[in-house]
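Below: one structure, written as structure tokens.
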Amino acid sequence: MSKAKAINLPAAEKALGVELFKNRKASQALHEAVTAYQANRRAGTHATLTKATVDLSGTKPWRQKGTGRARAGYKSSPVWRGGGVVFGPHPRDYSKNLPKTVLRTALRRAISDLATAGALHTGSAPSLKAPKTKELIGWIKDSGLPLSVLLVLSKPEEALLKAARNLREVDVRPAREVNAEDLLRRRQVWISEEAWVELGRRLQPKAKKECAS
């Protein structure tokens with residue numbers, strides 16, 4: 001079993017067939033993409049009861065005058081214990097939609113950062129005899145990778161996916177689905193030799209439609 005091969009910026013550009021970023025350009029696109037991915041996972045189901053929905057009486061707790069106490073309007077008032085909540089959270093949709101161009105730029109930016117930092121590797125796809133976590137750990141260690149790694153493959157095998165389920169910091173993603181947030185979640189990223197072609201295809205700029213004359 002051979003060690004994982006480190007990929008620098010020029011090597012990554014050659015493997016992908018696209019130009020990567022050599023400066024801090026497109027950092028904003030990366031930030032917006034990661035924020036959108038995280039926001040899209042939020043359920044938005046949090047809810048509090050207002051004075052109109054809390055299960056309490058709307059009658060006055062005591063008469064207006066003659067008791068010596070302050071005036072009180074209703075038992076569901078927010079000033080009382082068990083009363084409604086003022087300006088509390090209510091169900092809402094947190095999802096954000098970004099143009100595909102921004103998401104593609106963010107992916108290029110993430111790959112550029114990994115290659116520059118020396119955290120990008122490649123090699124032959126692992127072939128496990130059985131879906132056992134112990135076998136996957138052995139392959140990762142023999143490849144010289146840490147146990148905090150993202151494995152990007154052209155088409156992950158079922159045995160590999162099952163073996164990685166018990167490892168909290170080992171992720172397996174197909175090249176057609178991996179995104180910028182996935183790439184930044186782990187210390188190192190390993191991309192199989194077959195997955196580079198599919199990643200490069202995703203990063204190619206879309207040709208503009210020619211205007212009809």
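Every chain in the structure tokens has a letter given in the order shown (A, B, ...), and although residue numbers restart at 1 in each chain, ligands are simply numbered from 1 in the order shown.
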
Quiz item: Skipping near chain neighbours, those fewer than 4 positions away, what residues fall within 10 Å of A:Ala52 using only C-alpha atoms, listed as a ChimeraX atom specification?
Solution: /A:56,58,76-77,83-85

Practice problem: For stretch 114-118 of chain A, list every protein, DNA or RNA residue within 7 Å, evaluated using only C-alpha atoms, and leave out those in the same chain fewer than 3 positions away; present the list as a PyMOL selection string. | Solution: chain A and resi 6-9+110-111

Practice problem: Identify, on the basis of only C-alpha atoms, every residue whose closest approach to A:Ala130 does not exceed 10 Å; exclude the query and any residue fewer than 3 positions from it along the same chain; express the result as a list of chain:residue names. | Solution: A:Ser127, A:Thr133, A:Lys134, A:Glu135, A:Leu136, A:Glu158, A:Ala159, A:Leu160, A:Lys162, A:Ala163

Suppose we keep C-alpha atoms; can you now write the selection as a compact mmCIF listing (two decimals), in the first residue's frame?
```txt
# COMPACT_ATOMS: atom_id res chain seq x y z
CA SER A 127 -10.45 -1.47 -1.45
CA THR A 133 -13.84 0.03 10.74
CA LYS A 134 -10.57 -1.59 11.79
CA GLU A 135 -9.61 -2.16 8.13
CA LEU A 136 -10.36 1.46 7.23
CA GLU A 158 -20.90 0.35 0.31
CA ALA A 159 -18.20 -1.38 2.38
CA LEU A 160 -16.26 1.86 2.74
CA LYS A 162 -20.25 1.32 6.42
CA ALA A 163 -16.68 1.18 7.75
```

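Atom CA of A:Pro89 is positioned 6.3 Å from atom CA of A:His46.
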
Self-check item: Residues of stretch 26-208 of chain A in alpha helix (DSSP H), written as an MDAnalysis selection string
Solution: chainID A and resid 27:40 100:117 133:142 158:164 180:185 195:203

Quiz item: In chain A, what's strand (DSSP E) per DSSP? Answer as a ChimeraX atom specification?
Solution: /A:5-6,120-123,149-153,170-174,188-192

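Excluding stretch 196-205 of chain A and any residue on its chain fewer than 6 positions from it, the residues at most 9 Å away by only C-alpha atoms are A:Ala12, A:Glu13, A:Ala15, A:Leu16, A:Gly17, A:Val18, A:Thr101, A:Arg104, A:Thr105, A:Leu107, A:Arg108, A:Leu153, A:Ser154, A:Ala175, A:Arg176, A:Val178.
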
For the residues in the current selection, export N, CA and C atoms as an mmCIF file, in the first residue's frame.
```cif
data_model
loop_
_atom_site.group_PDB
_atom_site.id
_atom_site.type_symbol
_atom_site.label_atom_id
_atom_site.label_comp_id
_atom_site.auth_asym_id
_atom_site.auth_seq_id
_atom_site.Cartn_x
_atom_site.Cartn_y
_atom_site.Cartn_z
ATOM 1 N N ALA A 12 -2.709 20.523 -8.413
ATOM 2 C CA ALA A 12 -4.171 20.509 -8.332
ATOM 3 C C ALA A 12 -4.790 21.143 -9.574
ATOM 4 N N GLU A 13 -4.189 22.220 -10.060
ATOM 5 C CA GLU A 13 -4.689 22.860 -11.285
ATOM 6 C C GLU A 13 -4.594 21.914 -12.474
ATOM 7 N N ALA A 15 -4.555 18.596 -12.375
ATOM 8 C CA ALA A 15 -5.481 17.472 -12.217
ATOM 9 C C ALA A 15 -6.922 17.872 -12.480
ATOM 10 N N LEU A 16 -7.274 19.107 -12.121
ATOM 11 C CA LEU A 16 -8.648 19.577 -12.299
ATOM 12 C C LEU A 16 -8.896 20.167 -13.684
ATOM 13 N N GLY A 17 -7.844 20.691 -14.292
ATOM 14 C CA GLY A 17 -8.011 21.342 -15.589
ATOM 15 C C GLY A 17 -8.609 22.724 -15.489
ATOM 16 N N VAL A 18 -8.549 23.342 -14.301
ATOM 17 C CA VAL A 18 -9.058 24.697 -14.102
ATOM 18 C C VAL A 18 -8.022 25.505 -13.331
ATOM 19 N N THR A 101 -22.975 29.740 -9.654
ATOM 20 C CA THR A 101 -21.656 30.332 -9.912
ATOM 21 C C THR A 101 -20.920 30.604 -8.602
ATOM 22 N N ARG A 104 -19.809 27.287 -7.070
ATOM 23 C CA ARG A 104 -18.666 26.748 -7.812
ATOM 24 C C ARG A 104 -17.393 27.520 -7.463
ATOM 25 N N THR A 105 -17.496 28.826 -7.333
ATOM 26 C CA THR A 105 -16.344 29.651 -6.956
ATOM 27 C C THR A 105 -15.877 29.309 -5.548
ATOM 28 N N LEU A 107 -16.144 26.434 -4.046
ATOM 29 C CA LEU A 107 -15.463 25.138 -4.105
ATOM 30 C C LEU A 107 -14.030 25.305 -4.604
ATOM 31 N N ARG A 108 -13.838 26.141 -5.618
ATOM 32 C CA ARG A 108 -12.479 26.413 -6.119
ATOM 33 C C ARG A 108 -11.631 27.073 -5.041
ATOM 34 N N LEU A 153 -14.291 10.302 -3.272
ATOM 35 C CA LEU A 153 -14.137 9.254 -4.277
ATOM 36 C C LEU A 153 -15.107 9.469 -5.420
ATOM 37 N N SER A 154 -14.785 8.861 -6.558
ATOM 38 C CA SER A 154 -15.682 8.968 -7.700
ATOM 39 C C SER A 154 -17.024 8.322 -7.392
ATOM 40 N N ALA A 175 -17.549 12.610 -5.422
ATOM 41 C CA ALA A 175 -17.045 13.834 -6.038
ATOM 42 C C ALA A 175 -18.175 14.698 -6.595
ATOM 43 N N ARG A 176 -19.270 14.083 -6.989
ATOM 44 C CA ARG A 176 -20.374 14.846 -7.579
ATOM 45 C C ARG A 176 -21.187 15.618 -6.535
ATOM 46 N N VAL A 178 -19.639 16.587 -3.142
ATOM 47 C CA VAL A 178 -18.827 17.275 -2.139
ATOM 48 C C VAL A 178 -18.918 18.784 -2.338
#
```

Self-check item: Test item: residues at most 6 Å from A:Ser143, only C-alpha atoms, excluding those fewer than 2 positions along its chain, as a PyMOL selection string
Solution: chain A and resi 3-4+140-141+145

Selected residues written out with C-alpha atoms, as a short mmCIF file (atom, residue, chain, number, x, y, z; two decimals), in the first residue's frame:
```
data_model
loop_
_atom_site.label_atom_id
_atom_site.label_comp_id
_atom_site.auth_asym_id
_atom_site.auth_seq_id
_atom_site.Cartn_x
_atom_site.Cartn_y
_atom_site.Cartn_z
CA LYS A 3 1.51 6.52 0.93
CA ALA A 4 -0.91 9.29 0.05
CA ILE A 140 -5.74 5.56 6.72
CA LYS A 141 -2.69 5.08 8.95
CA LEU A 145 -3.23 10.39 6.89
#
```

Quiz item: What lies within 12 Å of A:Val34 using only C-alpha atoms, ignoring chain neighbours under 5 positions off, as a list in words?
Solution: Ser27, Gln28, Ala29, Ala39, Asn40, Arg41, Lys96, Asn97, Leu98, Val102, Leu103, Thr105, Ala106, Leu107, Arg109, Ala110, Asn179, Ala180, Glu181, Asp182, Leu183, Leu184 and Arg185 of chain A
